[in-house]
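Visitor: So I've got this file, start.csv, and it contains CSV, C-alpha atoms:
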chain,number,residue,atom,x,y,z
A,1,MET,CA,0.0,0.0,0.0
A,2,LYS,CA,1.2,3.5,-0.8
A,3,LEU,CA,0.9,6.6,1.4
A,4,PHE,CA,1.0,10.2,0.3
A,5,HIS,CA,0.8,13.4,2.3
A,6,GLY,CA,-1.2,15.4,-0.1
A,7,PHE,CA,-0.9,15.6,-3.8
A,8,ASN,CA,2.2,17.7,-4.1
A,9,ASP,CA,4.7,15.0,-3.1
A,10,ALA,CA,3.7,12.7,-5.9
A,11,SER,CA,5.5,12.5,-9.2
A,12,PRO,CA,3.4,11.8,-12.3
A,13,ASP,CA,4.3,8.1,-12.1
A,14,ASP,CA,3.5,8.0,-8.4
A,15,ALA,CA,0.2,9.7,-9.0
A,16,ALA,CA,-0.9,6.7,-11.0
A,17,ALA,CA,-1.3,5.0,-7.6
A,18,TYR,CA,-4.4,7.1,-6.8
A,19,ARG,CA,-5.6,8.6,-10.1
A,20,GLY,CA,-8.5,7.0,-11.9
A,21,GLY,CA,-9.6,4.8,-9.0
A,22,PHE,CA,-12.5,4.4,-6.7
A,23,VAL,CA,-12.3,6.8,-3.7
A,24,THR,CA,-13.8,7.1,-0.2
A,25,ILE,CA,-13.2,10.3,1.8
A,26,GLY,CA,-13.4,10.7,5.6
A,27,ASN,CA,-11.6,10.8,8.9
A,28,PHE,CA,-11.9,7.0,9.6
A,29,ASP,CA,-11.0,7.4,13.2
A,30,GLY,CA,-10.6,3.9,14.7
A,31,VAL,CA,-11.4,2.2,11.3
A,32,HIS,CA,-14.4,0.6,12.9
A,33,LEU,CA,-16.9,-1.9,11.4
A,34,GLY,CA,-18.9,0.8,9.7
A,35,HIS,CA,-15.8,2.1,8.0
A,36,GLN,CA,-14.8,-1.4,7.1
A,37,SER,CA,-18.1,-2.1,5.4
A,38,MET,CA,-17.5,1.0,3.2
A,39,ILE,CA,-13.9,0.0,2.5
A,40,ALA,CA,-14.9,-3.5,1.6
A,41,LEU,CA,-17.3,-2.2,-1.1
A,42,LEU,CA,-14.6,0.3,-2.2
A,43,VAL,CA,-12.1,-2.5,-2.7
A,44,GLN,CA,-14.7,-4.6,-4.5
A,45,ARG,CA,-15.5,-1.8,-7.0
A,46,ALA,CA,-11.8,-1.1,-7.6
A,47,ARG,CA,-10.9,-4.8,-8.1
A,48,GLU,CA,-13.8,-5.2,-10.6
A,49,ALA,CA,-12.5,-2.3,-12.6
A,50,ASN,CA,-8.8,-3.1,-12.1
A,51,VAL,CA,-8.1,0.4,-10.7
A,52,PRO,CA,-6.8,1.6,-7.3
A,53,ALA,CA,-8.8,1.6,-4.1
A,54,VAL,CA,-8.1,5.0,-2.6
A,55,VAL,CA,-8.8,6.4,0.8
A,56,LEU,CA,-8.5,10.2,1.3
A,57,THR,CA,-8.3,11.2,5.0
A,58,PHE,CA,-7.3,14.4,6.7
A,59,GLU,CA,-4.4,15.0,9.0
A,60,PRO,CA,-5.2,16.7,11.3
A,61,HIS,CA,-8.9,16.5,11.7
A,62,PRO,CA,-10.5,19.7,10.2
A,63,ILE,CA,-12.1,20.5,13.6
A,64,ASN,CA,-8.6,21.0,15.0
A,65,LEU,CA,-8.4,24.1,12.9
A,66,LEU,CA,-12.0,25.3,13.0
A,67,ARG,CA,-12.9,24.6,16.7
A,68,PRO,CA,-9.9,23.2,18.4
A,69,GLU,CA,-11.6,23.3,21.8
A,70,HIS,CA,-14.1,20.8,20.5
A,71,THR,CA,-11.6,18.4,19.0
A,72,PRO,CA,-12.6,14.8,20.1
A,73,PRO,CA,-9.8,12.6,21.4
A,74,SER,CA,-8.5,10.2,18.7
A,75,LEU,CA,-9.2,6.5,18.6
A,76,SER,CA,-6.2,5.8,16.4
A,77,THR,CA,-2.9,7.4,15.4
A,78,LEU,CA,-2.3,7.9,11.7
A,79,ALA,CA,0.1,4.9,11.7
A,80,ARG,CA,-2.5,2.7,13.3
A,81,LYS,CA,-5.2,3.9,10.8
A,82,ILE,CA,-2.9,3.1,7.9
A,83,GLU,CA,-2.2,-0.3,9.3
A,84,LEU,CA,-5.9,-1.1,9.6
A,85,LEU,CA,-6.7,0.3,6.1
A,86,CYS,CA,-3.9,-1.8,4.6
A,87,LYS,CA,-5.4,-4.9,6.2
A,88,CYS,CA,-8.7,-4.0,4.4
A,89,GLY,CA,-7.0,-4.2,1.0
A,90,VAL,CA,-6.7,-0.4,0.3
A,91,ASP,CA,-4.1,0.4,-2.4
A,92,CYS,CA,-3.4,4.0,-1.5
A,93,VAL,CA,-4.0,6.4,1.4
A,94,ILE,CA,-3.7,10.1,1.0
A,95,ALA,CA,-3.3,11.8,4.4
A,96,TYR,CA,-4.1,15.3,3.2
A,97,PRO,CA,-2.5,18.1,5.3
A,98,THR,CA,-5.6,20.0,6.4
A,99,ASP,CA,-5.3,23.8,6.0
A,100,MET,CA,-7.6,26.8,5.8
A,101,GLU,CA,-7.4,26.9,2.0
A,102,LEU,CA,-8.9,23.4,1.9
A,103,LEU,CA,-11.6,24.3,4.4
A,104,LYS,CA,-12.6,27.4,2.5
A,105,LEU,CA,-13.5,25.4,-0.7
A,106,SER,CA,-17.2,25.3,-1.5
A,107,PRO,CA,-18.7,21.9,-2.0
A,108,HIS,CA,-18.6,22.4,-5.8
A,109,LYS,CA,-15.0,23.6,-5.7
A,110,PHE,CA,-14.0,20.7,-3.5
A,111,PHE,CA,-15.6,18.2,-5.9
A,112,GLU,CA,-13.9,19.8,-8.9
A,113,THR,CA,-10.5,20.3,-7.4
A,114,ILE,CA,-10.0,17.3,-5.1
A,115,ILE,CA,-12.2,14.6,-6.6
A,116,ARG,CA,-12.0,15.3,-10.3
A,117,GLN,CA,-8.7,17.1,-10.9
A,118,ASN,CA,-6.4,15.7,-8.3
A,119,LEU,CA,-7.9,12.2,-7.9
A,120,SER,CA,-9.5,11.9,-11.3
A,121,ALA,CA,-11.9,9.5,-9.5
A,122,ARG,CA,-14.0,7.0,-11.4
A,123,GLY,CA,-16.4,6.6,-8.6
A,124,LEU,CA,-17.0,7.2,-4.9
A,125,VAL,CA,-18.1,5.1,-1.9
A,126,GLU,CA,-19.5,7.1,1.1
A,127,GLY,CA,-21.8,6.8,4.1
A,128,PRO,CA,-25.2,8.5,4.3
A,129,ASN,CA,-23.8,11.2,6.8
A,130,PHE,CA,-21.1,12.4,4.5
A,131,PHE,CA,-20.5,16.2,4.5
A,132,PHE,CA,-17.9,18.2,2.6
A,133,GLY,CA,-16.9,21.7,1.6
A,134,ARG,CA,-16.9,25.0,3.5
A,135,ASN,CA,-19.1,24.8,6.7
A,136,ARG,CA,-19.9,21.2,5.7
A,137,ALA,CA,-22.4,22.7,3.3
A,138,GLY,CA,-22.2,19.7,0.9
A,139,SER,CA,-24.3,16.7,1.9
A,140,ILE,CA,-24.6,13.2,0.4
A,141,ASP,CA,-27.4,14.5,-1.7
A,142,THR,CA,-25.1,17.3,-3.0
A,143,LEU,CA,-22.5,14.6,-3.8
A,144,ARG,CA,-25.0,12.5,-5.6
A,145,ASP,CA,-26.1,15.4,-7.8
A,146,LEU,CA,-22.5,16.2,-8.6
A,147,CYS,CA,-21.6,12.6,-9.4
A,148,GLU,CA,-24.7,12.3,-11.7
A,149,SER,CA,-23.8,15.4,-13.6
A,150,THR,CA,-20.2,14.3,-14.2
A,151,GLY,CA,-20.7,10.6,-14.8
A,152,LEU,CA,-19.1,9.4,-11.6
A,153,THR,CA,-20.6,6.4,-9.8
A,154,LEU,CA,-21.6,6.8,-6.2
A,155,ASP,CA,-22.3,4.0,-3.7
A,156,ILE,CA,-23.9,5.0,-0.4
A,157,VAL,CA,-23.3,2.4,2.3
A,158,PRO,CA,-26.0,2.4,5.0
A,159,SER,CA,-25.1,3.1,8.6
A,160,MET,CA,-24.4,0.0,10.7
A,161,SER,CA,-25.8,-1.0,14.1
A,162,ILE,CA,-24.9,-3.8,16.4
A,163,GLY,CA,-27.8,-4.5,18.8
A,164,ASP,CA,-29.1,-1.2,19.9
A,165,ARG,CA,-25.8,0.6,19.3
A,166,MET,CA,-24.9,2.7,16.2
A,167,VAL,CA,-21.4,1.9,15.0
A,168,SER,CA,-19.7,5.2,15.0
A,169,SER,CA,-16.5,6.8,16.3
A,170,SER,CA,-18.4,8.9,18.8
A,171,VAL,CA,-20.3,5.9,20.3
A,172,ILE,CA,-17.0,4.1,20.6
A,173,ARG,CA,-15.4,7.0,22.3
A,174,SER,CA,-18.2,7.1,24.8
A,175,LEU,CA,-17.8,3.3,25.5
A,176,ILE,CA,-14.0,3.6,26.0
A,177,SER,CA,-14.5,6.7,28.3
A,178,ASP,CA,-16.9,4.6,30.4
A,179,GLY,CA,-14.4,1.7,30.6
A,180,LYS,CA,-16.5,-0.6,28.4
A,181,ILE,CA,-13.6,-1.9,26.4
A,182,ALA,CA,-15.2,-5.2,25.3
A,183,GLU,CA,-18.3,-3.3,24.0
A,184,ALA,CA,-16.1,-0.9,22.2
A,185,ILE,CA,-14.1,-3.7,20.6
A,186,GLU,CA,-17.3,-5.2,19.4
A,187,LEU,CA,-18.0,-2.1,17.3
A,188,LEU,CA,-14.3,-1.6,16.3
A,189,GLY,CA,-13.9,-5.1,15.0
A,190,HIS,CA,-10.4,-5.2,16.4
A,191,PRO,CA,-8.6,-4.6,19.8
A,192,TYR,CA,-8.3,-1.0,21.0
A,193,GLN,CA,-4.7,-0.1,20.7
A,194,VAL,CA,-2.7,2.4,22.7
A,195,ILE,CA,0.8,3.3,21.7
A,196,GLY,CA,3.5,5.0,23.9
A,197,GLU,CA,7.2,5.2,24.6
A,198,VAL,CA,8.5,3.2,27.5
A,199,VAL,CA,10.1,5.6,30.1
A,200,SER,CA,11.7,5.0,33.5
A,201,GLY,CA,9.4,4.9,36.5
A,202,ALA,CA,9.8,4.4,40.2
A,203,GLY,CA,10.9,0.8,39.7
A,204,ARG,CA,8.5,-0.3,42.4
A,205,GLY,CA,7.0,-3.1,40.3
A,206,GLN,CA,10.5,-4.7,39.9
A,207,THR,CA,11.0,-4.8,43.7
A,208,ILE,CA,7.7,-6.7,44.3
A,209,GLY,CA,8.3,-9.1,41.4
A,210,PHE,CA,6.0,-7.5,38.8
A,211,PRO,CA,8.1,-5.3,36.6
A,212,THR,CA,6.2,-2.8,34.5
A,213,ALA,CA,6.8,-0.7,31.4
A,214,ASN,CA,5.6,2.9,32.0
A,215,LEU,CA,4.2,4.4,28.8
A,216,SER,CA,4.4,8.1,27.9
A,217,GLY,CA,3.5,10.2,24.9
A,218,ILE,CA,0.1,8.5,24.3
A,219,GLU,CA,-1.9,10.4,21.7
A,220,THR,CA,-5.2,8.5,21.8
A,221,LEU,CA,-8.1,8.3,24.2
A,222,LEU,CA,-7.4,6.5,27.4
A,223,PRO,CA,-10.1,4.7,29.4
A,224,PRO,CA,-10.8,5.5,33.0
A,225,ASP,CA,-8.5,4.4,35.8
A,226,GLY,CA,-8.5,0.7,36.4
A,227,VAL,CA,-6.8,-2.6,35.7
A,228,TYR,CA,-7.2,-4.0,32.2
A,229,ALA,CA,-6.4,-7.2,30.2
A,230,ALA,CA,-4.3,-6.6,27.1
A,231,VAL,CA,-1.8,-8.1,24.8
A,232,SER,CA,1.4,-6.7,23.4
A,233,VAL,CA,3.8,-7.9,20.7
A,234,VAL,CA,7.6,-7.5,21.3
A,235,ASP,CA,10.1,-8.8,18.7
A,236,GLY,CA,7.4,-10.7,17.0
A,237,GLN,CA,6.1,-12.5,20.1
A,238,GLN,CA,2.8,-11.8,21.7
A,239,PHE,CA,2.6,-11.5,25.5
A,240,PRO,CA,-0.4,-11.2,27.7
A,241,ALA,CA,-0.3,-7.8,29.5
A,242,ALA,CA,-1.8,-6.6,32.8
A,243,VAL,CA,-2.3,-2.8,32.5
A,244,ASN,CA,-2.7,-0.5,35.4
A,245,LEU,CA,-4.0,2.9,34.6
A,246,GLY,CA,-4.1,5.5,37.3
A,247,ALA,CA,-2.4,6.3,40.6
A,248,ASN,CA,-0.8,3.8,43.0
A,249,PRO,CA,-2.6,4.5,46.3
A,250,THR,CA,-1.0,1.5,48.1
A,251,PHE,CA,2.3,3.4,48.0
A,252,GLY,CA,0.9,6.9,48.3
A,253,GLU,CA,1.6,7.8,44.6
A,254,THR,CA,-1.0,10.2,43.2
A,255,ALA,CA,0.3,10.7,39.6
A,256,ARG,CA,-1.7,9.1,36.9
A,257,LYS,CA,0.4,6.5,35.0
A,258,LEU,CA,-0.1,3.8,32.5
A,259,GLU,CA,1.9,0.7,33.6
A,260,VAL,CA,2.1,-2.5,31.6
A,261,HIS,CA,3.3,-5.8,33.0
A,262,LEU,CA,4.1,-8.2,30.2
A,263,VAL,CA,3.5,-11.7,31.5
A,264,GLY,CA,6.6,-13.9,30.8
A,265,PHE,CA,8.8,-11.0,29.6
A,266,ASP,CA,11.8,-9.9,31.6
A,267,ASP,CA,14.0,-7.9,29.2
A,268,ASP,CA,14.6,-4.1,29.0
A,269,LEU,CA,12.1,-2.0,27.0
A,270,TYR,CA,13.3,1.5,27.9
A,271,GLY,CA,13.1,3.9,25.0
A,272,GLN,CA,11.2,1.5,22.8
A,273,THR,CA,7.7,2.1,21.4
A,274,LEU,CA,5.1,-0.3,22.8
A,275,HIS,CA,1.8,-1.2,21.2
A,276,VAL,CA,-0.8,-2.3,23.7
A,277,ASP,CA,-4.0,-3.9,22.6
A,278,PHE,CA,-6.7,-3.4,25.3
A,279,LEU,CA,-9.1,-6.4,25.5
A,280,ALA,CA,-11.2,-6.0,28.7
A,281,ARG,CA,-11.5,-4.1,31.9
A,282,LEU,CA,-10.9,-6.3,35.0
A,283,ARG,CA,-11.4,-4.0,38.0
A,284,ASP,CA,-11.1,-0.6,39.6
A,285,THR,CA,-7.8,0.6,41.1
A,286,SER,CA,-7.7,-0.1,44.8
A,287,SER,CA,-5.6,0.7,47.9
A,288,PHE,CA,-4.2,-2.4,49.6
A,289,PRO,CA,-3.0,-2.5,53.3
A,290,ASN,CA,0.5,-3.7,52.3
A,291,ALA,CA,2.7,-4.9,49.5
A,292,ASP,CA,1.8,-8.6,50.2
A,293,ALA,CA,-1.9,-7.9,49.8
A,294,LEU,CA,-1.1,-6.1,46.5
A,295,LYS,CA,1.0,-9.0,45.2
A,296,GLN,CA,-1.8,-11.5,46.0
A,297,GLN,CA,-4.2,-9.4,44.0
A,298,LEU,CA,-1.7,-9.0,41.1
A,299,ARG,CA,-1.4,-12.8,40.9
A,300,LEU,CA,-5.2,-13.0,40.5
A,301,ASP,CA,-5.1,-10.2,37.9
A,302,ILE,CA,-2.5,-12.0,35.9
A,303,GLU,CA,-4.5,-15.3,35.9
A,304,GLU,CA,-7.5,-13.4,34.6
A,305,VAL,CA,-5.3,-11.6,32.0
A,306,GLN,CA,-4.0,-14.9,30.7
A,307,GLN,CA,-7.5,-16.3,30.4
A,308,VAL,CA,-8.7,-13.2,28.5
A,309,ALA,CA,-5.7,-13.2,26.2
A,310,GLY,CA,-5.9,-16.9,25.6
A,311,ALA,CA,-9.6,-16.6,24.6
A,312,GLN,CA,-8.7,-13.7,22.3
A,313,SER,CA,-5.9,-15.8,20.7
A,314,ALA,CA,-8.3,-18.7,20.1
A,315,ASN,CA,-11.0,-16.4,18.7
A,316,PRO,CA,-9.3,-13.3,17.5
A,317,GLY,CA,-12.5,-11.9,16.0
A,318,GLU,CA,-10.6,-9.2,14.2
A,319,SER,CA,-12.3,-8.1,11.0
A,320,THR,CA,-10.3,-8.1,7.8
A,321,CYS,CA,-12.9,-6.2,5.8
Re-express the file's structure as structure tokens.
Guide:
Amino acid sequence: MKLFHGFNDASPDDAAAYRGGFVTIGNFDGVHLGHQSMIALLVQRAREANVPAVVLTFEPHPINLLRPEHTPPSLSTLARKIELLCKCGVDCVIAYPTDMELLKLSPHKFFETIIRQNLSARGLVEGPNFFFGRNRAGSIDTLRDLCESTGLTLDIVPSMSIGDRMVSSSVIRSLISDGKIAEAIELLGHPYQVIGEVVSGAGRGQTIGFPTANLSGIETLLPPDGVYAAVSVVDGQQFPAAVNLGANPTFGETARKLEVHLVGFDDDLYGQTLHVDFLARLRDTSSFPNADALKQQLRLDIEEVQQVAGAQSANPGESTC
């Protein structure tokens, strides 16, 4: 899969990777099951026509420029988004560098400049709630009219629900914010991944026999304080992971930290980037009367983490579009 940061960094030969293909446009935060259903149809249309399947996304999200105080926390980094889109069979991703010139384009100008001139799109695939152009003035009906008048095809993929929940990035954010990781994963179609750099901590975990990697620089939404089951891959090997998010009241520590204990791993990770796939919430953080009581609870946590991780490995349930 090829990645471009806008259209200016592509030579004429490189531009063939995205010109004349089928295109879907959006933020795709989290690349959830609703996004995946759109992308599956995009890839199908592209394969049938033997042309590229192209995703145009925006980096940063336009709301960062227009109303930064209302910017929602992200569900995925750009790298994670690209990884998931690649798994879905997308041929090319354009991470367009959002600027005010782009946001000032009228719907008609956006269609003519971005979709027809730069992408030379053969057809589009979008959801029913697609908006584009200045002040989001262009709706899916606007897009349908523009496509009909210029001979482009347009597939509109219906919104998706699972049970009584709409599959959307905003719903998934709410679930993660409430600590409902398993429910969020059901809508995502893959584990919820957090990425951070391993930094030095107090070293207290090492002294009680449960060394932890302390993560810093996390860019995505974190769930509430608590203990979580997760998995992490180091040097190609997957390890069950017990994650503690929050303070450490047993030892009087009040700073909020994200600490990861990799079960069965005892090497040095300082300075490395660690990808942690959250699977389920186990319990709230608690204060224990002494270190022995904490160690006893940690043993129980690790047993539960291994059960959750083992079940995930046996039934990964990750959508591949």
Visitor: Just how far from CA of Val90 (chain A) is CA of Gly30 (chain A), in Å to one decimal?
Guide: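 About the pair CA of Gly30 (chain A) and CA of Val90 (chain A): they are 15.5 Å apart.
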Visitor: Using only C-alpha atoms, which residues sit within 7 Å of region 169-180 of chain A once same-chain residues fewer than 2 positions away are excluded, as a ChimeraX atom specification?
Guide: /A:29-30,166-167,182-184,223-224,281
Visitor: What's the 6 Å shell around Ala241 (chain A), counting all atoms listed in the file, without same-chain residues fewer than 5 positions away, as a list in words?
Guide: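 Residues near the query, excluding close chain neighbours: Ala230, Val231, His261, Leu262 and Val263 of chain A.
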Visitor: When you draw a straight line from CA of Ala53 (chain A) to CA of Ile185 (chain A), how long is it in Å?
Guide: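 It comes out at 25.8 Å.
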Visitor: Calculate, to one decimal in Å, the centre and edge lengths of the box along x, y and z of the file that holds all listed atoms of region 48-54 of chain A with 8 Å of margin on each side, and present them as JSON.
Guide:
{"center_x": -10.3, "center_y": -0.1, "center_z": -7.6, "size_x": 23.0, "size_y": 26.2, "size_z": 26.0}
Visitor: Could you build a table of the residues in region 92-156 of chain A lying no more than 9 Å from region 8-20 of chain A, giving for each the nearest pair of atoms and their separation in Å rounded to one decimal place, using only C-alpha atoms, ordered by chain and ascending residue number, as JSON lines?
Guide:
{"residue": "A:Cys92", "atom": "CA", "partner": "A:Tyr18", "partner_atom": "CA", "distance": 6.2}
{"residue": "A:Val93", "atom": "CA", "partner": "A:Tyr18", "partner_atom": "CA", "distance": 8.2}
{"residue": "A:Ile94", "atom": "CA", "partner": "A:Tyr18", "partner_atom": "CA", "distance": 8.4}
{"residue": "A:Asn118", "atom": "CA", "partner": "A:Arg19", "partner_atom": "CA", "distance": 7.4}
{"residue": "A:Leu119", "atom": "CA", "partner": "A:Arg19", "partner_atom": "CA", "distance": 4.8}
{"residue": "A:Ser120", "atom": "CA", "partner": "A:Gly20", "partner_atom": "CA", "distance": 5.0}
{"residue": "A:Ala121", "atom": "CA", "partner": "A:Gly20", "partner_atom": "CA", "distance": 4.9}
{"residue": "A:Arg122", "atom": "CA", "partner": "A:Gly20", "partner_atom": "CA", "distance": 5.5}
{"residue": "A:Gly123", "atom": "CA", "partner": "A:Gly20", "partner_atom": "CA", "distance": 8.6}
Visitor: Quick one: residues within 7 Å of Val276 (chain A), only C-alpha atoms, excluding same-chain residues fewer than 2 positions away - as a list in words?
Guide: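 In the requested format, the answer is Gln193, Val194, Ile195, Ala230, Val231, Ser232, Leu274 and Phe278 of chain A.
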Visitor: Which of these, A:Asn244, A:Ser200, A:Ser313, A:Asn50, has the shortest distance to Asp301 (chain A) once you count all atoms listed in the file?
Guide: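 Once distances to Asp301 (chain A) are computed over all atoms listed in the file, the minimum belongs to A:Asn244.
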Visitor: For Leu75 (chain A), which residue out of A:Thr220, A:Asn290, A:Asn27, A:Gln44 is the nearest one, using only C-alpha atoms?
Guide: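 The closest residue to Leu75 (chain A) is A:Thr220.
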Visitor: Using all atoms listed in the file, pick whichever of A:Ala229, A:Val260, A:Ile115, A:Leu146 has the shortest atom-to-atom distance to Gln307 (chain A).
Guide: A:Ala229
Visitor: I want to know what sits within 9 Å of region 266-269 of chain A, based on only C-alpha atoms, with residues of the same chain fewer than 2 positions away left out; could you give that as number ranges by chain?
Guide: A: 198-199, 211, 213, 262-264, 271-274
Visitor: To one decimal place, how far is CA of Gly34 (chain A) from CA of Ser74 (chain A) in Å?
Guide: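 Separation between CA of Gly34 (chain A) and CA of Ser74 (chain A): 16.7 Å.
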Visitor: Which one is closest to Met1 (chain A): A:Gly26, A:Gly21, A:Leu65, A:Asp91? Count only C-alpha atoms.
Guide: A:Asp91
Visitor: Return the single residue from A:Leu3, A:Leu42, A:Val23, A:Leu187 that is closest to Ile82 (chain A), with distances computed using all atoms listed in the file.
Guide: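 Once distances to Ile82 (chain A) are computed over all atoms listed in the file, the minimum belongs to A:Leu3.
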Visitor: Which of these, A:Met100, A:Leu154, A:Ile162, A:Leu222, has the shortest distance to Arg134 (chain A) once you count only C-alpha atoms?
Guide: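 Smallest separation from Arg134 (chain A) among the options: A:Met100.
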Visitor: Counting only C-alpha atoms, find residues at most 10 Å from (1.2, 7.1, 31.8) (file frame) and give them as a PyMOL selection string.
Guide: chain A and resi 196-199+201+213-218+222+244-247+255-260
Visitor: Can you list, as a list in words, every protein, DNA or RNA residue that comes within 12 Å of Val43 (chain A) when you count all atoms listed in the file, leaving out same-chain residues fewer than 4 positions away?
Guide: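 Those residues are Gly21, Phe22, Val23, Thr24, Gln36, Ser37, Met38, Ile39, Arg47, Glu48, Ala49, Asn50, Val51, Pro52, Ala53, Val54, Val55, Leu85, Cys86, Lys87, Cys88, Gly89, Val90, Asp91, Cys92, Gly123, Leu124, Val125 and Cys321 of chain A.
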